[in-house]
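Q: This one is structure_4.cif, mmCIF, C-alpha atoms.
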data_coords
loop_
_atom_site.label_atom_id
_atom_site.label_comp_id
_atom_site.auth_asym_id
_atom_site.auth_seq_id
_atom_site.Cartn_x
_atom_site.Cartn_y
_atom_site.Cartn_z
CA MET P 1078 -40.15 33.06 127.84
CA ARG P 1079 -38.11 34.51 125.07
CA GLU P 1080 -41.15 35.30 122.96
CA MET P 1081 -42.92 36.87 125.87
CA ILE P 1082 -40.06 39.20 126.71
CA HIS P 1083 -39.72 40.13 123.11
CA PHE P 1084 -43.41 40.87 122.90
CA SER P 1085 -43.33 43.08 125.97
CA PHE P 1086 -40.62 45.20 124.37
CA SER P 1087 -42.23 45.66 121.02
CA PHE P 1088 -45.20 46.77 123.10
CA LEU P 1089 -43.11 49.36 124.94
CA GLY P 1090 -41.49 50.43 121.71
CA SER P 1091 -44.77 51.15 120.00
CA ASN P 1092 -45.77 53.46 122.82
CA ASN P 1093 -42.62 55.46 122.95
CA MET P 1094 -40.08 55.57 120.15
CA SER P 1095 -37.33 56.71 122.49
CA LEU P 1096 -37.50 53.32 124.24
CA ARG P 1097 -36.34 51.58 121.09
CA THR P 1098 -34.11 48.53 121.40
CA ALA P 1099 -32.51 46.43 118.70
CA GLN P 1100 -35.02 44.42 116.66
CA ILE P 1101 -34.46 40.70 116.49
CA ARG P 1102 -35.24 40.59 112.76
CA LEU P 1103 -32.41 43.06 112.15
CA VAL P 1104 -29.87 41.31 114.39
CA SER P 1105 -27.34 39.55 112.20
CA SER P 1106 -26.25 35.99 112.96
CA HIS P 1107 -23.62 33.35 112.34
CA PRO P 1108 -23.47 29.70 113.50
CA GLU P 1109 -20.39 30.54 115.60
CA VAL P 1110 -21.92 33.61 117.32
CA TYR P 1111 -24.16 33.61 120.40
CA GLU P 1112 -27.68 34.73 119.53
CA PRO P 1113 -29.64 37.11 121.76
CA CYS P 1114 -31.22 35.03 124.48
CA ASP P 1115 -32.80 35.45 127.95
CA ASP P 1116 -29.58 36.84 129.43
CA SER P 1117 -29.21 39.41 126.63
CA PHE P 1118 -32.86 40.45 127.04
CA ALA P 1119 -32.46 40.75 130.81
CA LEU P 1120 -29.42 43.00 130.35
CA VAL P 1121 -31.24 45.25 127.89
CA ASP P 1122 -34.24 45.30 130.27
CA ALA P 1123 -31.91 46.46 133.04
CA LEU P 1124 -30.56 49.25 130.82
CA LEU P 1125 -34.11 50.27 129.93
CA ALA P 1126 -35.16 50.19 133.58
CA ASP P 1127 -32.21 52.46 134.38
CA ARG P 1128 -32.56 54.59 131.25
CA ILE P 1129 -33.64 57.78 133.03
CA ASN P 1130 -30.52 57.56 135.21
CA LEU P 1131 -28.38 56.88 132.13
CA LEU P 1132 -29.75 60.00 130.44
CA GLU P 1133 -28.92 62.12 133.49
CA HIS P 1134 -25.50 60.47 133.65
CA ARG P 1135 -24.75 61.85 130.15
CA PRO P 1136 -22.08 59.28 129.28
CA MET P 1137 -19.38 60.20 126.78
CA LEU P 1138 -17.87 56.75 126.38
CA CYS P 1139 -19.85 53.52 126.58
CA MET P 1140 -18.26 50.13 126.19
CA GLU P 1141 -19.41 46.56 125.86
CA VAL P 1142 -17.05 43.69 126.57
CA GLY P 1143 -18.07 40.56 124.67
CA CYS P 1144 -20.58 42.05 122.23
CA GLY P 1145 -21.60 38.76 120.52
CA SER P 1146 -24.45 39.46 118.08
CA GLY P 1147 -24.38 43.18 118.89
CA TYR P 1148 -27.90 43.12 120.33
CA VAL P 1149 -26.95 44.85 123.59
CA ILE P 1150 -24.60 47.59 122.33
CA THR P 1151 -27.05 48.36 119.51
CA SER P 1152 -29.92 48.61 122.00
CA LEU P 1153 -27.89 50.87 124.28
CA ALA P 1154 -26.99 53.14 121.36
CA LEU P 1155 -30.64 53.26 120.26
CA MET P 1156 -32.02 54.06 123.69
CA LEU P 1157 -29.55 56.92 124.25
CA GLU P 1158 -29.56 58.16 120.63
CA GLN P 1159 -31.99 61.06 121.05
CA GLU P 1160 -30.90 62.50 124.38
CA VAL P 1161 -27.18 61.66 124.38
CA PRO P 1162 -26.32 61.92 120.67
CA TRP P 1163 -22.62 62.56 121.29
CA ALA P 1164 -22.01 59.30 123.19
CA HIS P 1165 -19.23 57.21 121.70
CA TYR P 1166 -19.47 53.41 121.77
CA ILE P 1167 -16.73 50.80 121.83
CA ALA P 1168 -17.41 47.07 121.68
CA THR P 1169 -14.99 44.17 121.90
CA ASP P 1170 -15.22 40.43 121.39
CA ILE P 1171 -12.59 37.70 121.32
CA ASN P 1172 -14.52 35.95 118.54
CA PRO P 1173 -13.75 37.49 115.11
CA ARG P 1174 -17.14 36.31 113.78
CA ALA P 1175 -18.89 38.12 116.64
CA VAL P 1176 -17.40 41.55 115.91
CA GLU P 1177 -18.29 41.05 112.25
CA VAL P 1178 -21.90 40.14 113.16
CA THR P 1179 -22.06 43.13 115.55
CA ARG P 1180 -20.92 45.40 112.73
CA LYS P 1181 -23.82 44.21 110.58
CA THR P 1182 -26.33 44.50 113.43
CA LEU P 1183 -25.24 48.08 114.16
CA GLU P 1184 -25.43 48.97 110.46
CA ALA P 1185 -28.91 47.48 110.12
CA HIS P 1186 -30.10 49.78 112.92
CA GLY P 1187 -28.26 52.86 111.66
CA VAL P 1188 -26.06 53.31 114.74
CA CYS P 1189 -22.28 53.29 115.16
CA ALA P 1190 -19.80 51.70 117.53
CA GLU P 1191 -16.08 51.19 117.29
CA LEU P 1192 -15.33 47.48 117.18
CA ILE P 1193 -12.18 45.73 118.28
CA ASN P 1194 -11.42 42.04 118.01
CA THR P 1195 -9.61 41.46 121.28
CA ASP P 1196 -9.59 39.54 124.55
CA ILE P 1197 -11.68 41.62 127.04
CA ALA P 1198 -9.94 45.00 126.59
CA SER P 1199 -6.43 43.93 125.68
CA GLY P 1200 -4.67 46.84 123.92
CA LEU P 1201 -7.04 49.41 125.47
CA GLU P 1202 -6.13 49.07 129.14
CA LYS P 1203 -3.40 51.68 129.13
CA ARG P 1204 -4.92 54.56 127.18
CA LEU P 1205 -8.61 53.98 127.91
CA ALA P 1206 -8.03 53.78 131.68
CA GLY P 1207 -10.44 55.99 133.61
CA LEU P 1208 -12.42 57.03 130.52
CA VAL P 1209 -15.37 54.62 130.34
CA ASP P 1210 -18.61 56.06 131.72
CA VAL P 1211 -20.83 53.04 131.10
CA MET P 1212 -19.66 49.47 130.72
CA VAL P 1213 -22.00 46.57 129.94
CA VAL P 1214 -20.92 42.97 130.22
CA ASN P 1215 -22.78 39.74 129.57
CA PRO P 1216 -19.85 37.46 130.37
CA PRO P 1217 -19.40 33.75 129.70
CA TYR P 1218 -20.89 32.68 133.04
CA VAL P 1219 -21.76 29.01 132.56
CA PRO P 1220 -19.80 26.68 134.85
CA THR P 1221 -17.61 24.47 132.65
CA PRO P 1222 -14.35 22.56 132.98
CA GLU P 1223 -11.52 25.10 133.12
CA ASP P 1224 -9.95 23.90 129.85
CA GLU P 1225 -13.07 24.95 127.92
CA VAL P 1226 -12.49 28.62 128.78
CA GLY P 1227 -11.19 30.83 125.97
CA ARG P 1228 -11.71 28.27 123.20
CA GLU P 1229 -12.33 29.56 119.73
CA GLY P 1230 -15.78 30.21 118.35
CA ILE P 1231 -19.11 30.20 120.12
CA ALA P 1232 -17.83 28.37 123.23
CA SER P 1233 -16.08 31.63 124.22
CA ALA P 1234 -19.57 33.10 124.68
CA TRP P 1235 -20.54 30.80 127.54
CA ALA P 1236 -17.62 28.77 128.92
CA GLY P 1237 -16.96 30.30 132.33
CA GLY P 1238 -14.79 27.70 134.09
CA GLU P 1239 -15.20 26.90 137.77
CA ASN P 1240 -18.51 28.32 139.06
CA GLY P 1241 -18.61 30.28 135.81
CA ARG P 1242 -16.24 32.77 137.40
CA SER P 1243 -13.01 32.46 135.40
CA VAL P 1244 -13.71 35.19 132.87
CA ILE P 1245 -15.80 37.34 135.27
CA ASP P 1246 -12.86 37.43 137.67
CA LYS P 1247 -10.59 38.58 134.83
CA ILE P 1248 -13.05 41.25 133.71
CA LEU P 1249 -13.69 42.89 137.12
CA PRO P 1250 -10.20 44.37 137.69
CA ILE P 1251 -10.12 45.52 134.06
CA ALA P 1252 -13.52 47.19 134.46
CA ASP P 1253 -12.22 48.88 137.62
CA LYS P 1254 -9.27 50.19 135.64
CA LEU P 1255 -11.25 51.43 132.65
CA LEU P 1256 -14.23 53.00 134.42
CA SER P 1257 -14.19 56.75 134.95
CA LYS P 1258 -14.61 58.22 138.45
CA THR P 1259 -18.33 58.32 137.85
CA GLY P 1260 -18.40 55.15 135.74
CA TRP P 1261 -21.08 52.47 135.93
CA LEU P 1262 -20.82 48.76 135.23
CA TYR P 1263 -23.80 46.55 134.38
CA LEU P 1264 -22.94 42.88 134.77
CA VAL P 1265 -24.99 39.75 134.05
CA THR P 1266 -24.52 37.02 136.66
CA LEU P 1267 -25.99 33.65 137.48
CA THR P 1268 -26.76 32.51 141.04
CA THR P 1269 -24.04 29.87 140.57
CA ASN P 1270 -21.51 32.69 140.04
CA ASP P 1271 -22.12 33.78 143.66
CA PRO P 1272 -23.21 37.38 142.89
CA SER P 1273 -23.07 38.44 146.54
CA GLN P 1274 -19.38 37.47 146.65
CA ILE P 1275 -18.83 39.48 143.43
CA CYS P 1276 -20.50 42.46 145.13
CA LEU P 1277 -18.23 42.11 148.15
CA GLN P 1278 -15.17 41.87 145.94
CA MET P 1279 -16.23 45.06 144.16
CA ARG P 1280 -17.00 46.70 147.50
CA GLU P 1281 -13.36 46.20 148.45
CA LYS P 1282 -12.50 48.23 145.34
CA GLY P 1283 -14.91 50.96 146.47
CA TYR P 1284 -18.03 50.09 144.50
CA ALA P 1285 -21.64 50.09 145.62
CA ALA P 1286 -23.96 47.60 143.95
CA ARG P 1287 -27.63 47.29 143.12
CA ILE P 1288 -29.58 44.52 141.46
CA VAL P 1289 -31.41 46.17 138.58
CA VAL P 1290 -33.16 43.08 137.23
CA GLN P 1291 -33.60 39.61 138.64
CA ARG P 1292 -35.12 36.97 136.40
CA SER P 1293 -35.68 33.25 136.72
CA THR P 1294 -35.96 31.19 133.59
CA GLU P 1295 -36.40 27.43 133.34
CA GLU P 1296 -32.66 26.92 133.25
CA GLU P 1297 -31.14 29.78 135.18
CA ASN P 1298 -31.59 32.49 137.75
CA LEU P 1299 -30.14 35.74 136.40
CA HIS P 1300 -29.18 38.92 138.21
CA ILE P 1301 -28.21 42.09 136.38
CA ILE P 1302 -26.09 44.03 138.83
CA LYS P 1303 -25.13 47.66 138.52
CA PHE P 1304 -21.88 48.81 140.15
CA TRP P 1305 -20.76 52.38 140.72
CA ARG P 1306 -17.99 54.02 142.71
CA ASP P 1307 -19.26 55.21 146.05
CA PHE P 1308 -17.21 57.76 147.96
CA ASP P 1309 -18.07 56.39 151.41
CA ILE P 1310 -17.30 52.83 150.37
CA GLN P 1311 -14.05 53.99 148.79
CA MET P 1312 -13.02 55.56 152.10
CA GLU P 1313 -14.03 52.42 153.93
CA ALA P 1314 -12.10 50.25 151.48
CA LYS P 1315 -9.00 52.38 152.01
CA GLU P 1316 -9.27 52.45 155.78
CA THR P 1317 -10.23 48.93 156.70
CA VAL P 1318 -7.67 46.20 156.66
CA PRO P 1319 -9.69 43.18 155.56
CA VAL P 1320 -9.49 40.99 158.67
CA ASN P 1321 -12.30 38.70 157.72
CA LYS P 1322 -14.17 38.37 154.48
CA THR P 1323 -17.68 38.31 155.83
CA ALA P 1324 -20.21 40.76 154.48
CA PRO P 1325 -20.45 44.12 156.24
CA VAL P 1326 -23.69 44.18 158.17
CA GLY P 1327 -26.55 45.14 155.96
CA VAL P 1328 -25.01 44.50 152.53
CA MET P 1329 -26.63 41.15 151.98
CA ASP P 1330 -29.90 42.23 153.57
CA THR P 1331 -30.07 45.18 151.23
CA LEU P 1332 -29.30 43.08 148.18
CA LEU P 1333 -31.77 40.38 149.13
CA SER P 1334 -34.56 42.85 149.79
CA GLN P 1335 -33.86 44.38 146.39
CA VAL P 1336 -34.23 40.97 144.77
CA HIS P 1337 -37.54 40.51 146.52
CA ARG P 1338 -38.85 43.93 145.54
CA LEU P 1339 -37.72 43.59 141.97
CA SER P 1340 -39.23 40.14 141.58
CA LEU P 1341 -42.53 41.60 142.67
CA TRP P 1342 -42.10 44.54 140.36
CA ILE P 1343 -41.19 42.37 137.39
CA SER P 1344 -44.00 39.87 137.93
CA GLY P 1345 -46.44 42.75 138.37
CA ASN P 1346 -45.13 44.34 135.22
CA ASN P 1347 -45.44 41.19 133.15
CA SER P 1348 -48.99 40.52 134.20
CA SER P 1349 -50.02 44.02 133.20
CA ASN P 1350 -48.86 43.35 129.63
CA MET N 1153 -11.73 52.51 112.98
CA ARG N 1154 -11.76 56.12 114.03
CA LEU N 1155 -8.57 57.89 115.05
CA LEU N 1156 -10.08 58.29 118.52
CA THR N 1157 -9.86 54.52 118.81
CA HIS N 1158 -6.33 54.55 117.41
CA ASN N 1159 -5.45 57.07 120.12
CA MET N 1160 -6.67 54.61 122.78
CA LEU N 1161 -4.93 51.49 121.41
CA SER N 1162 -1.48 50.22 122.36
CA SER N 1163 0.46 47.13 121.39
CA ASN N 1164 -0.52 44.44 123.88
CA ILE N 1165 2.32 42.01 123.17
CA LYS N 1166 3.93 40.63 126.29
CA GLY N 1167 7.18 42.39 127.17
CA VAL N 1168 6.54 45.43 124.97
CA THR N 1169 7.08 48.56 127.07
CA ASN N 1170 6.69 51.20 124.40
CA GLY N 1171 3.62 50.07 122.49
CA PHE N 1172 2.08 53.47 121.77
CA PRO N 1173 1.23 54.87 119.33
CA LEU N 1174 0.71 52.13 116.80
CA ARG N 1175 1.91 53.13 113.34
CA ILE N 1176 -0.83 53.11 110.74
CA GLU N 1177 -0.53 51.44 107.36
CA VAL N 1178 -3.31 52.57 105.09
CA GLU N 1179 -4.78 50.42 102.35
CA LYS N 1180 -8.13 52.15 102.37
CA ALA N 1181 -9.24 55.19 104.33
CA ILE N 1182 -12.80 56.50 104.29
CA GLU N 1183 -14.68 59.45 105.74
CA LYS N 1184 -18.01 59.24 107.53
CA GLN N 1185 -19.85 62.32 108.65
CA VAL N 1186 -20.53 62.63 112.39
CA ASP N 1187 -22.62 65.31 114.11
CA PHE N 1188 -20.40 68.06 115.50
CA ASN N 1189 -20.49 68.27 119.29
CA PRO N 1190 -18.13 70.85 120.87
CA ASP N 1191 -18.75 69.57 124.42
CA PHE N 1192 -17.65 66.05 123.54
CA LEU N 1193 -14.52 67.43 121.88
CA LYS N 1194 -13.67 69.72 124.80
CA ASN N 1195 -14.06 66.86 127.26
CA MET N 1196 -12.05 64.48 125.13
CA PHE N 1197 -9.25 66.93 124.26
CA PRO N 1198 -7.23 66.49 127.51
CA LYS N 1199 -7.25 62.70 127.05
CA ILE N 1200 -5.88 62.80 123.52
CA ASP N 1201 -2.21 62.30 122.73
CA TRP N 1202 -1.79 65.11 120.23
CA LYS N 1203 1.34 63.83 118.49
CA ALA N 1204 -0.30 60.45 117.91
CA LEU N 1205 -3.42 62.08 116.46
CA LEU N 1206 -1.38 64.47 114.34
CA ASP N 1207 0.77 61.71 112.82
CA ALA N 1208 -2.21 59.41 112.34
CA SER N 1209 -4.27 62.10 110.58
CA ARG N 1210 -1.37 62.90 108.24
CA THR N 1211 -0.90 59.22 107.43
CA MET N 1212 -4.59 59.17 106.57
CA GLY N 1213 -4.08 62.11 104.19
CA TYR N 1214 -5.45 64.95 106.36
CA ALA N 1215 -2.93 67.74 106.93
CA GLU N 1216 -5.01 70.46 108.61
CA LEU N 1217 -4.16 69.86 112.28
CA PRO N 1218 -1.59 72.23 113.87
CA ASP N 1219 1.90 70.80 114.50
CA GLU N 1220 2.22 72.07 118.03
CA THR N 1221 0.08 70.64 120.80
CA PRO N 1222 -2.69 73.23 121.03
CA ASP N 1223 -3.25 74.85 124.40
CA SER N 1224 -6.72 74.74 125.84
CA SER N 1225 -7.53 78.30 124.66
CA MET N 1226 -7.79 76.79 121.17
CA LEU N 1227 -10.93 75.02 122.34
CA ASP N 1228 -12.77 78.34 121.98
CA SER N 1229 -12.00 78.39 118.28
CA ASP N 1230 -14.75 76.87 116.18
CA GLU N 1231 -12.34 76.48 113.30
CA PHE N 1232 -9.94 74.43 115.41
CA LEU N 1233 -12.69 72.31 116.93
CA ARG N 1234 -14.05 71.40 113.49
CA LYS N 1235 -10.62 70.21 112.35
CA PHE N 1236 -10.15 68.28 115.59
CA HIS N 1237 -13.63 66.77 115.13
CA HIS N 1238 -12.86 65.71 111.58
CA ALA N 1239 -9.54 64.09 112.47
CA LEU N 1240 -10.76 62.38 115.63
CA LEU N 1241 -14.17 61.09 114.53
CA GLU N 1242 -14.65 61.27 110.77
CA LEU N 1243 -11.49 59.72 109.36
CA HIS N 1244 -11.74 55.94 109.35
CA LEU N 1245 -9.10 53.34 108.64
CA GLU N 1246 -11.16 50.80 106.73
CA GLU N 1247 -8.43 48.44 105.51
CA GLY N 1248 -4.80 48.32 106.55
CA ALA N 1249 -2.76 47.54 109.63
CA LEU N 1250 -1.59 48.88 112.96
CA VAL N 1251 2.11 48.29 113.54
CA CYS N 1252 3.68 47.81 116.96
CA PRO N 1253 6.35 50.54 117.27
CA GLU N 1254 8.67 48.25 119.23
CA THR N 1255 8.45 44.88 117.48
CA GLY N 1256 7.05 45.73 114.05
CA ARG N 1257 4.26 43.16 114.56
CA LYS N 1258 1.28 44.03 112.39
CA PHE N 1259 -2.29 43.99 113.70
CA PRO N 1260 -4.57 43.76 110.65
CA VAL N 1261 -7.55 46.08 110.21
CA ASN N 1262 -10.34 44.64 108.03
CA LYS N 1263 -13.68 46.30 107.38
CA GLY N 1264 -12.68 48.91 109.95
CA ILE N 1265 -12.12 46.37 112.73
CA PRO N 1266 -8.64 46.02 114.25
CA ASN N 1267 -7.64 42.50 115.22
CA MET N 1268 -5.62 42.74 118.45
CA LEU N 1269 -5.67 39.00 119.16
CA LEU N 1270 -2.27 37.70 120.11
CA HIS N 1271 -0.55 34.47 119.18
CA GLU N 1272 0.19 32.06 122.03
CA ASP N 1273 3.85 33.09 122.26
CA GLU N 1274 2.92 36.79 122.54
CA VAL N 1275 0.60 36.55 125.56
#
Could you spell out this file's structure in structure tokens?

A:
Amino acid sequence: MREMIHFSFSFLGSNNMSLRTAQIRLVSSHPEVYEPCDDSFALVDALLADRINLLEHRPMLCMEVGCGSGYVITSLALMLEQEVPWAHYIATDINPRAVEVTRKTLEAHGVCAELINTDIASGLEKRLAGLVDVMVVNPPYVPTPEDEVGREGIASAWAGGENGRSVIDKILPIADKLLSKTGWLYLVTLTTNDPSQICLQMREKGYAARIVVQRSTEEENLHIIKFWRDFDIQMEAKETVPVNKTAPVGVMDTLLSQVHRLSLWISGNNSSN
Amino acid sequence: MRLLTHNMLSSNIKGVTNGFPLRIEVEKAIEKQVDFNPDFLKNMFPKIDWKALLDASRTMGYAELPDETPDSSMLDSDEFLRKFHHALLELHLEEGALVCPETGRKFPVNKGIPNMLLHEDEV
């Protein structure tokens, strides 16, 4: 699966240089740092699929929380490089080895990002509030015992606690704080994380959601969800006192039909390569 | 670490109320050229704490920024924008530390990467 995805992107890249993503041979590594894998590829695929919108969005500040090997932030910088040359990138990771590896990966591709070794966005929450136009997050989403969350080294890249939600649930309010009025969040989730509940939780904060990529691998079923502030939903979130927590009519139907459409689109796309 | 990043960072130690700006200790500062983009600078200007940028740029050995907080009419001046650009984006703290203004706790900066991780008793 991994090889196939990789192949499909070198194929795209050879057709159009502006669709460049990070190259695996140039991605630096360390035994204690998570290597690009299906989830990383799915996130970069989602960014590529939404690239035209990103170019129109003209982001000034882009941020990745949990940059690991640097594959995703490097790919984002490469795919926006030509059209949005002024964009500024910030990437954080709790693992000191990861920020170091990201630095090398960025350098190998000739792009820049500001790196900070910190827990999520600790130290940035006050002054960076409301400034981030694009945030990308591939969180530690694997369900694990709670005491494995936040351990040192590579475990911090996957250990997600109960239902894999411990770190996601910490990140969401921080993302809400940091995103600009027109900010977008791209989040990797697993079916076990209960993505529809995440969407509802974000809806209560005034965000609309769309599944950009859905992908099933042998081990996991991944959804890359894009969130953005929606004026109507914001009004609704302000007005309605949450009496019950069931989904507003239509939300789940919309999301599920998107999954269906996208699965068709993705399978159709793969077979054409 | 660019001074733009310094302008966005505060001390994150539990209980600290006045954690901004972090004082810079320079061991090694470097300059890296960045393409000049007036629109980025104009958009970013209102978000920047001028005093923090001014002090940081002086600590890094760059003394060209005006003392007084410039009013927005300055954004029409190419000369001003180029100085602002240089201070904000081209000066890098490569090695050194960021010091919490309230507690004096030092956050090390190595190879341009600030380490904001806290010890257990600081969270």

Q: Compile a residue-level contact table for chain N against chain P at a cut-off of 8 Å, reporting for every qualifying residue the shortest atom pair and its distance in Å to one decimal, with all atoms listed in the file counted, rows ordered by chain and ascending number, as a tab-separated table.

A:
residue	atom	partner	partner_atom	distance
N:Met1153	CA	P:Glu1191	CA	6.3
N:Arg1154	CA	P:Glu1191	CA	7.3
N:Thr1157	CA	P:Glu1191	CA	7.2
N:Asn1159	CA	P:Arg1204	CA	7.5
N:Met1160	CA	P:Arg1204	CA	4.7
N:Leu1161	CA	P:Leu1201	CA	5.0
N:Ser1162	CA	P:Gly1200	CA	4.9
N:Ser1163	CA	P:Gly1200	CA	5.7
N:Asn1164	CA	P:Gly1200	CA	4.8
N:Asp1187	CA	P:Trp1163	CA	7.7
N:Asn1189	CA	P:Trp1163	CA	6.4
N:Phe1192	CA	P:Trp1163	CA	6.5
N:Gly1264	CA	P:Leu1192	CA	7.8
N:Ile1265	CA	P:Ile1193	CA	5.6
N:Pro1266	CA	P:Ile1193	CA	5.4
N:Asn1267	CA	P:Asn1194	CA	4.7
N:Met1268	CA	P:Thr1195	CA	5.1
N:Leu1269	CA	P:Thr1195	CA	5.1

Q: What would the file look like if the residues just selected were written as an mmCIF file, keeping the file's coordinate frame with C-alpha atoms?

A:
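Just written: result-v5.cif:
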data_model
loop_
_atom_site.group_PDB
_atom_site.id
_atom_site.type_symbol
_atom_site.label_atom_id
_atom_site.label_comp_id
_atom_site.auth_asym_id
_atom_site.auth_seq_id
_atom_site.Cartn_x
_atom_site.Cartn_y
_atom_site.Cartn_z
ATOM 1 C CA MET N 1153 -11.730 52.510 112.980
ATOM 2 C CA ARG N 1154 -11.760 56.120 114.030
ATOM 3 C CA THR N 1157 -9.860 54.520 118.810
ATOM 4 C CA ASN N 1159 -5.450 57.070 120.120
ATOM 5 C CA MET N 1160 -6.670 54.610 122.780
ATOM 6 C CA LEU N 1161 -4.930 51.490 121.410
ATOM 7 C CA SER N 1162 -1.480 50.220 122.360
ATOM 8 C CA SER N 1163 0.460 47.130 121.390
ATOM 9 C CA ASN N 1164 -0.520 44.440 123.880
ATOM 10 C CA ASP N 1187 -22.620 65.310 114.110
ATOM 11 C CA ASN N 1189 -20.490 68.270 119.290
ATOM 12 C CA PHE N 1192 -17.650 66.050 123.540
ATOM 13 C CA GLY N 1264 -12.680 48.910 109.950
ATOM 14 C CA ILE N 1265 -12.120 46.370 112.730
ATOM 15 C CA PRO N 1266 -8.640 46.020 114.250
ATOM 16 C CA ASN N 1267 -7.640 42.500 115.220
ATOM 17 C CA MET N 1268 -5.620 42.740 118.450
ATOM 18 C CA LEU N 1269 -5.670 39.000 119.160
#

Q: Please write as an MDAnalysis selection string the full residue list that the PyMOL selection byres ((chain P and resi 1219) around 12) yields on this file.

A: chainID P and resid 1116 1215:1218 1220:1223 1225:1226 1232:1245 1265:1270 1296:1299

Q: Could you pull the residues within 6 Å of Cys1252 (chain N), counting all atoms listed in the file, minus those fewer than 3 positions along the same chain, as a PDB file with C-alpha atoms, in the coordinates of the input?

A:
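And here is the file that came out, around_29.pdb:
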ATOM      1  CA  SER N1163       0.460  47.130 121.390  1.00  0.00           C
ATOM      2  CA  GLY N1171       3.620  50.070 122.490  1.00  0.00           C
ATOM      3  CA  LEU N1174       0.710  52.130 116.800  1.00  0.00           C
ATOM      4  CA  THR N1255       8.450  44.880 117.480  1.00  0.00           C
ATOM      5  CA  GLY N1256       7.050  45.730 114.050  1.00  0.00           C
ATOM      6  CA  ARG N1257       4.260  43.160 114.560  1.00  0.00           C
TER       7      ARG N1257
END

Q: Go ahead and compute the interatomic distance for CA of Val1261 (chain N) and CA of Leu1193 (chain N), in Å to one decimal.

A: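 Separation between CA of Val1261 (chain N) and CA of Leu1193 (chain N): 25.3 Å.
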
Q: Calculate how many Å separate CA of Glu1183 (chain N) from CA of Ser1224 (chain N), rounding to one decimal.

A: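 One can read the CA of Glu1183 (chain N) to CA of Ser1224 (chain N) distance as 26.5 Å.
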
Q: Take CA of Asp1210 (chain P) and CA of Ala1208 (chain N) and report the distance between them in Å, one decimal.

A: 25.6 Å

Q: Given all atoms listed in the file as the basis, pick out the residue of P:Lys1254, P:Arg1102, P:Arg1135, P:Arg1280 nearest to Trp1305 (chain P).

A: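 Using all atoms listed in the file, the shortest distance to Trp1305 (chain P) belongs to P:Arg1280.
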
Q: So that I can see what lies close to region 1123-1133 of chain P, please list as a VMD selection string the residues with an atom at most 7 Å from it, counting only C-alpha atoms and leaving out residues fewer than 4 positions away in the same chain.

A: chain P and resid 1119 1157 1160 to 1161 1289 to 1290 1301

Q: Exactly which residues make up the result of the PyMOL selection byres ((chain P and resi 1156) around 7) on this file, given as a list of chain:residue names?

A: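 Against this file, the PyMOL selection byres ((chain P and resi 1156) around 7) returns the residues P:Ser1095, P:Leu1096, P:Arg1097, P:Thr1098, P:Ser1152, P:Leu1153, P:Ala1154, P:Leu1155, P:Leu1157, P:Glu1158.
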
Q: Just say which residues the PyMOL selection byres ((chain P and resi 1186) around 10) picks in this file, as a list in words.

A: Thr1098, Ala1099, Gln1100, Leu1103, Val1104, Thr1151, Ser1152, Ala1154, Leu1155, Lys1181, Thr1182, Leu1183, Glu1184, Ala1185, Gly1187, Val1188 and Cys1189 of chain P

Q: Could you take the residues named above and write them with C-alpha atoms, as a PDB file, keeping the file's coordinate frame?

A:
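Written output follows (selection_24.pdb):
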ATOM      1  CA  THR P1098     -34.110  48.530 121.400  1.00  0.00           C
ATOM      2  CA  ALA P1099     -32.510  46.430 118.700  1.00  0.00           C
ATOM      3  CA  GLN P1100     -35.020  44.420 116.660  1.00  0.00           C
ATOM      4  CA  LEU P1103     -32.410  43.060 112.150  1.00  0.00           C
ATOM      5  CA  VAL P1104     -29.870  41.310 114.390  1.00  0.00           C
ATOM      6  CA  THR P1151     -27.050  48.360 119.510  1.00  0.00           C
ATOM      7  CA  SER P1152     -29.920  48.610 122.000  1.00  0.00           C
ATOM      8  CA  ALA P1154     -26.990  53.140 121.360  1.00  0.00           C
ATOM      9  CA  LEU P1155     -30.640  53.260 120.260  1.00  0.00           C
ATOM     10  CA  LYS P1181     -23.820  44.210 110.580  1.00  0.00           C
ATOM     11  CA  THR P1182     -26.330  44.500 113.430  1.00  0.00           C
ATOM     12  CA  LEU P1183     -25.240  48.080 114.160  1.00  0.00           C
ATOM     13  CA  GLU P1184     -25.430  48.970 110.460  1.00  0.00           C
ATOM     14  CA  ALA P1185     -28.910  47.480 110.120  1.00  0.00           C
ATOM     15  CA  GLY P1187     -28.260  52.860 111.660  1.00  0.00           C
ATOM     16  CA  VAL P1188     -26.060  53.310 114.740  1.00  0.00           C
ATOM     17  CA  CYS P1189     -22.280  53.290 115.160  1.00  0.00           C
TER      18      CYS P1189
END

Q: Using all atoms listed in the file, which residue out of P:Lys1258, P:Arg1174, P:Lys1315, P:Arg1228 lies closest to Tyr1111 (chain P)?

A: P:Arg1174

Q: Using all atoms listed in the file, which of the listed residues (N:Met1226, N:Ile1165, N:Leu1240, N:Ala1181) sits closest to Leu1270 (chain N)?

A: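 Ranked by minimum distance to Leu1270 (chain N), first place goes to N:Ile1165.
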
Q: Which residues are close to Lys1180 (chain N), i.e. within 9 Å by only C-alpha atoms, leaving aside same-chain residues fewer than 6 positions away? Reply as a ChimeraX atom specification.

A: /N:1212,1244-1248

Q: Please return, as a PyMOL selection string, all polymer residues that have at least one atom within 12 Å of the point (-4.5, 61.0, 112.4); use only C-alpha atoms and the file's own coordinate frame.

A: chain N and resi 1153-1159+1173-1178+1181+1200-1219+1235-1245
